[in-house]
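Raw contents of structure28.txt, compact mmCIF, C-alpha atoms:
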# COMPACT_ATOMS: atom_id res chain seq x y z
CA PRO B 1 -17.46 28.39 -146.84
CA ASN B 2 -17.86 27.51 -150.54
CA ASP B 3 -14.22 28.07 -151.51
CA GLN B 4 -13.92 24.28 -151.85
CA CYS B 5 -16.09 21.94 -153.88
CA SER B 6 -17.18 20.13 -150.72
CA GLY B 7 -18.81 23.34 -149.47
CA ALA B 8 -20.68 24.17 -152.67
CA MET B 9 -23.80 26.27 -152.18
CA ALA B 10 -27.01 24.97 -153.78
CA MET B 11 -28.65 27.47 -156.12
CA THR B 12 -32.34 27.93 -156.81
CA ALA B 13 -33.45 29.14 -160.24
CA ASP B 14 -34.02 32.92 -160.55
CA VAL B 15 -32.45 33.67 -157.14
CA ILE B 16 -29.46 36.05 -157.19
CA TYR B 17 -26.51 35.00 -155.02
CA SER B 18 -23.98 37.63 -154.00
CA GLN B 19 -20.71 37.26 -152.14
CA PRO B 20 -17.20 38.77 -152.00
CA THR B 21 -14.42 36.54 -153.36
CA TYR B 22 -11.42 38.38 -151.88
CA GLN B 23 -10.52 35.40 -149.66
CA ALA B 24 -11.20 32.72 -152.28
CA THR B 25 -8.39 30.41 -153.44
CA SER B 26 -7.85 27.92 -156.26
CA THR B 27 -6.83 25.06 -154.00
CA GLY B 28 -8.09 21.76 -155.38
CA ASP B 29 -9.96 23.37 -158.26
CA PRO B 30 -10.06 21.33 -161.52
CA LEU B 31 -8.61 22.45 -164.83
CA PHE B 32 -11.05 23.50 -167.51
CA SER B 33 -10.98 24.25 -171.22
CA CYS B 34 -11.06 28.06 -171.11
CA ASP B 35 -8.51 28.41 -168.29
CA GLY B 36 -7.76 32.07 -167.64
CA GLY B 37 -5.04 31.67 -165.04
CA ALA B 38 -5.56 31.29 -161.29
CA LEU B 39 -9.31 31.45 -160.75
CA ASN B 40 -9.73 32.14 -157.02
CA GLY B 41 -13.24 30.84 -157.35
CA VAL B 42 -16.18 29.75 -155.25
CA TRP B 43 -18.48 26.76 -155.76
CA TYR B 44 -22.19 26.37 -156.36
CA THR B 45 -24.48 23.54 -157.48
CA PHE B 46 -27.63 23.62 -159.55
CA THR B 47 -30.23 20.84 -159.95
CA SER B 48 -33.35 21.15 -162.08
CA PRO B 49 -36.42 18.94 -161.54
CA THR B 50 -36.95 18.81 -165.32
CA ASN B 51 -34.86 18.83 -168.47
CA ALA B 52 -34.11 22.48 -169.14
CA HIS B 53 -31.93 25.06 -170.84
CA VAL B 54 -30.00 27.09 -168.28
CA VAL B 55 -28.62 30.60 -168.63
CA LEU B 56 -26.03 31.15 -165.91
CA SER B 57 -24.70 34.68 -165.58
CA THR B 58 -22.53 36.89 -163.39
CA CYS B 59 -23.50 40.09 -165.22
CA ASP B 60 -23.91 42.21 -162.08
CA SER B 61 -20.50 41.36 -160.60
CA ASP B 62 -18.02 44.23 -160.25
CA PHE B 63 -14.97 42.42 -161.68
CA SER B 64 -14.04 40.30 -164.71
CA THR B 65 -15.37 36.85 -163.91
CA THR B 66 -14.92 33.28 -165.12
CA LEU B 67 -17.43 30.42 -165.08
CA ALA B 68 -16.99 26.68 -165.49
CA VAL B 69 -19.73 24.03 -165.21
CA PHE B 70 -19.15 20.33 -164.46
CA THR B 71 -20.99 17.09 -163.86
CA GLY B 72 -19.82 14.29 -161.58
CA GLY B 73 -18.71 15.08 -158.08
CA CYS B 74 -15.86 16.53 -156.07
CA GLY B 75 -12.62 14.91 -157.19
CA SER B 76 -14.13 13.38 -160.33
CA MET B 77 -15.62 16.00 -162.62
CA THR B 78 -16.34 16.30 -166.32
CA GLN B 79 -16.75 19.73 -167.87
CA VAL B 80 -20.09 20.35 -169.56
CA ALA B 81 -19.89 21.03 -173.30
CA GLY B 82 -19.95 24.79 -173.76
CA GLY B 83 -19.93 25.28 -170.00
CA CYS B 84 -16.91 27.56 -169.77
CA ASN B 85 -16.53 31.31 -170.28
CA LEU B 86 -13.73 33.72 -169.45
CA GLY B 87 -15.99 36.73 -169.25
CA TYR B 88 -15.80 38.16 -172.72
CA TYR B 89 -19.12 38.80 -174.45
CA GLY B 90 -20.92 35.68 -173.31
CA PRO B 91 -24.66 36.36 -173.62
CA PRO B 92 -26.48 37.88 -171.86
CA CYS B 93 -23.70 39.95 -170.23
CA TYR B 94 -21.82 41.24 -173.31
CA ASN B 95 -19.05 42.70 -171.17
CA SER B 96 -16.27 41.36 -168.95
CA GLU B 97 -18.59 39.35 -166.68
CA ALA B 98 -18.94 35.67 -167.60
CA SER B 99 -22.07 33.83 -168.61
CA VAL B 100 -22.77 30.38 -170.06
CA THR B 101 -25.77 28.55 -171.48
CA PHE B 102 -26.14 24.77 -171.33
CA ASP B 103 -28.79 22.05 -171.30
CA VAL B 104 -29.42 20.12 -168.10
CA SER B 105 -30.99 16.74 -167.41
CA ALA B 106 -33.67 16.37 -164.77
CA ASN B 107 -32.46 15.71 -161.22
CA THR B 108 -28.77 15.86 -162.21
CA THR B 109 -26.47 17.99 -160.10
CA TYR B 110 -24.26 20.46 -161.95
CA TRP B 111 -21.21 21.92 -160.25
CA ILE B 112 -20.39 25.57 -160.93
CA LEU B 113 -17.03 27.23 -160.31
CA ALA B 114 -17.23 31.03 -160.40
CA GLY B 115 -14.19 33.22 -159.96
CA GLY B 116 -11.99 35.88 -161.48
CA TYR B 117 -10.22 36.20 -164.79
CA TYR B 118 -6.53 35.59 -164.07
CA GLY B 119 -7.29 35.47 -160.38
CA GLY B 120 -9.23 38.69 -160.09
CA THR B 121 -11.50 39.08 -157.07
CA GLY B 122 -14.41 41.29 -156.15
CA ASN B 123 -18.09 41.19 -155.38
CA LEU B 124 -19.65 38.26 -157.22
CA SER B 125 -23.28 38.22 -158.32
CA ILE B 126 -24.52 34.99 -159.90
CA VAL B 127 -27.94 33.79 -161.03
CA ALA B 128 -29.29 30.76 -162.93
CA HIS B 129 -32.39 30.98 -165.09
CA ALA B 130 -33.95 27.71 -166.30
CA TYR B 131 -36.14 27.60 -169.41
CA PRO B 132 -38.03 24.80 -171.15
CA LEU B 133 -36.08 23.12 -173.93
CA LEU B 134 -36.91 24.43 -177.38
CA THR B 135 -38.57 21.64 -179.38
CA ILE B 136 -39.99 21.80 -182.91
CA ASP B 137 -41.64 19.58 -185.49
CA CYS B 138 -41.09 19.94 -189.25
CA PRO B 139 -43.82 19.86 -191.91
CA ASP B 140 -44.75 16.36 -193.03
CA PRO B 141 -43.11 14.89 -196.14
CA ILE B 142 -44.89 15.59 -199.42
CA THR B 143 -44.63 14.24 -202.97
CA VAL B 144 -44.56 16.35 -206.13
CA PHE B 145 -43.99 15.58 -209.80
CA ALA B 146 -40.74 17.51 -210.27
CA ALA B 147 -38.56 19.96 -208.38
CA GLN B 148 -40.18 22.97 -210.04
CA ASN B 149 -43.53 21.84 -208.62
CA ALA B 150 -42.34 22.02 -205.02
CA PRO B 151 -44.16 24.67 -202.98
CA PRO B 152 -42.12 27.59 -201.68
CA ALA B 153 -40.55 27.25 -198.26
CA ASP B 154 -42.84 28.40 -195.46
CA PRO B 155 -41.27 28.71 -191.98
CA SER B 156 -44.74 29.17 -190.48
CA LEU B 157 -45.37 25.46 -191.15
CA VAL B 158 -42.80 24.52 -188.49
CA GLN B 159 -44.69 23.57 -185.33
CA ILE B 160 -43.38 24.86 -182.01
CA LEU B 161 -43.92 22.09 -179.47
CA SER B 162 -42.13 24.00 -176.70
CA PRO B 163 -41.12 27.66 -177.18
CA GLY B 164 -37.99 27.63 -175.04
CA CYS B 165 -37.51 31.14 -173.67
CA GLY B 166 -39.41 32.86 -176.48
CA GLY B 167 -38.35 35.47 -178.99
CA LEU B 168 -38.35 32.86 -181.76
CA VAL B 169 -36.67 33.46 -185.11
CA LYS B 170 -37.36 30.99 -187.94
CA THR B 171 -35.00 30.48 -190.89
CA VAL B 172 -35.01 28.22 -193.94
CA TYR B 173 -31.83 27.10 -195.70
CA PRO B 174 -31.46 26.65 -199.47
CA ASP B 175 -33.03 23.42 -200.72
CA GLN B 176 -30.76 20.42 -201.27
CA VAL B 177 -32.00 18.92 -204.53
CA SER B 178 -31.20 15.43 -205.80
CA GLU B 179 -32.80 13.27 -208.52
CA SER B 180 -35.27 11.70 -206.12
CA GLN B 181 -35.96 14.26 -203.44
CA ILE B 182 -35.55 17.73 -201.99
CA ILE B 183 -34.32 18.20 -198.44
CA ARG B 184 -35.55 21.47 -196.97
CA THR B 185 -33.95 22.45 -193.66
CA TYR B 186 -35.70 24.77 -191.22
CA GLU B 187 -34.03 26.34 -188.19
CA VAL B 188 -35.58 27.95 -185.12
CA ARG B 189 -33.68 30.03 -182.55
CA ASP B 190 -34.90 31.47 -179.28
CA SER B 191 -33.71 34.53 -177.39
CA CYS B 192 -31.50 32.60 -174.95
CA GLY B 193 -29.44 30.81 -177.59
CA GLN B 194 -31.22 27.51 -178.16
CA ILE B 195 -31.13 26.30 -181.77
CA GLN B 196 -33.17 23.48 -183.30
CA GLN B 197 -33.16 22.27 -186.91
CA CYS B 198 -35.39 19.83 -188.77
CA ASP B 199 -35.70 18.58 -192.34
CA GLN B 200 -38.78 18.35 -194.53
CA ILE B 201 -38.48 15.78 -197.31
CA ILE B 202 -40.13 16.49 -200.66
CA TYR B 203 -40.18 13.38 -202.84
CA LEU B 204 -39.97 13.70 -206.63
CA THR B 205 -41.86 11.22 -208.81
CA CYS B 206 -40.40 12.45 -212.11
CA ARG B 207 -36.74 11.68 -212.46
CA PRO B 208 -34.49 12.69 -215.35
CA PRO B 209 -33.86 9.84 -217.79
CA HIS B 210 -30.54 8.09 -217.79
CA ILE B 211 -28.76 8.29 -221.13
CA ASN B 212 -26.54 5.36 -221.89
CA SER B 213 -23.29 6.26 -223.52
CA VAL B 214 -22.60 4.73 -226.92
CA SER B 215 -19.06 3.60 -227.54
Spell out the structure here as structure tokens.
Amino acid sequence: PNDQCSGAMAMTADVIYSQPTYQATSTGDPLFSCDGGALNGVWYTFTSPTNAHVVLSTCDSDFSTTLAVFTGGCGSMTQVAGGCNLGYYGPPCYNSEASVTFDVSANTTYWILAGGYYGGTGNLSIVAHAYPLLTIDCPDPITVFAAQNAPPADPSLVQILSPGCGGLVKTVYPDQVSESQIIRTYEVRDSCGQIQQCDQIIYLTCRPPHINSVS
């Protein structure tokens, strides 16, 4: 019944949906950026009541799968950035079953086309997990006399306003130093692929003197 977009099945987060795709076709299916040949796919929709980060996977399917995610509606769709996978090593599957991660806006319907790599068919298993968006806040700006007086970078100073799906890893990049300031970039990643960066500004009050050239 969900071989066509008009019959798309509504998904609920964390519920596994299973169905055979042997009778599925590609009639009327849109083109997408990671096209792997005839898809022979089936349609689902997903709508979150809040802004969220979604991990959509077909890891437990028994054939090489393909996923594509769209916004819009039947006959007028736009592919979601990053919402396409041919089934090769997309986390969390890491095998020939497709998975994608993407951010969703509250109360927006996302259209999901799940099928087979180059038209393969089999027993599809698909699930959507929705996590809070990862949000962070950098340390406040500070002022020091000169660059050598700047305190060492400390990733623990980055505040986690929302932890996403957990498993956080914090990183700091090399300082970008100019005459007037230091830009210190911190990065936080969670276990489902969300990445957030922020900059701490360190102002320098002592600036090197300008030497006028003498002709």
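Interatomic distance, atom CA of Thr47 of chain B against atom CA of Gln196 of chain B: 23.7 Å.
Nearest residue to Phe63 of chain B, choosing from B:Pro139, B:Gly167, B:Gly116, B:Gly28 and counting only C-alpha atoms: B:Gly116.
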Separation of atom CA of Met77 of chain B from atom CA of Ala128 of chain B in Å: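 Atom CA of Met77 of chain B lies 20.1 Å from atom CA of Ala128 of chain B.
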Contacts of Ser96 of chain B within 12 Å, only C-alpha atoms, excl. fewer than 3 positions in-chain, as a ChimeraX atom specification: /B:57-67,85-93,99,116-117,120
Nearest candidate to Ala52 of chain B (options B:Cys192, B:Leu31, B:Leu39, B:Ala150; using all atoms listed in the file):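 For Ala52 of chain B, the nearest of the candidates is B:Cys192.
Residue nearest Ser105 of chain B within the list B:Cys34, B:Cys138, B:Val80, B:Leu168: B:Val80 [criterion: smallest interatomic distance, only C-alpha atoms].
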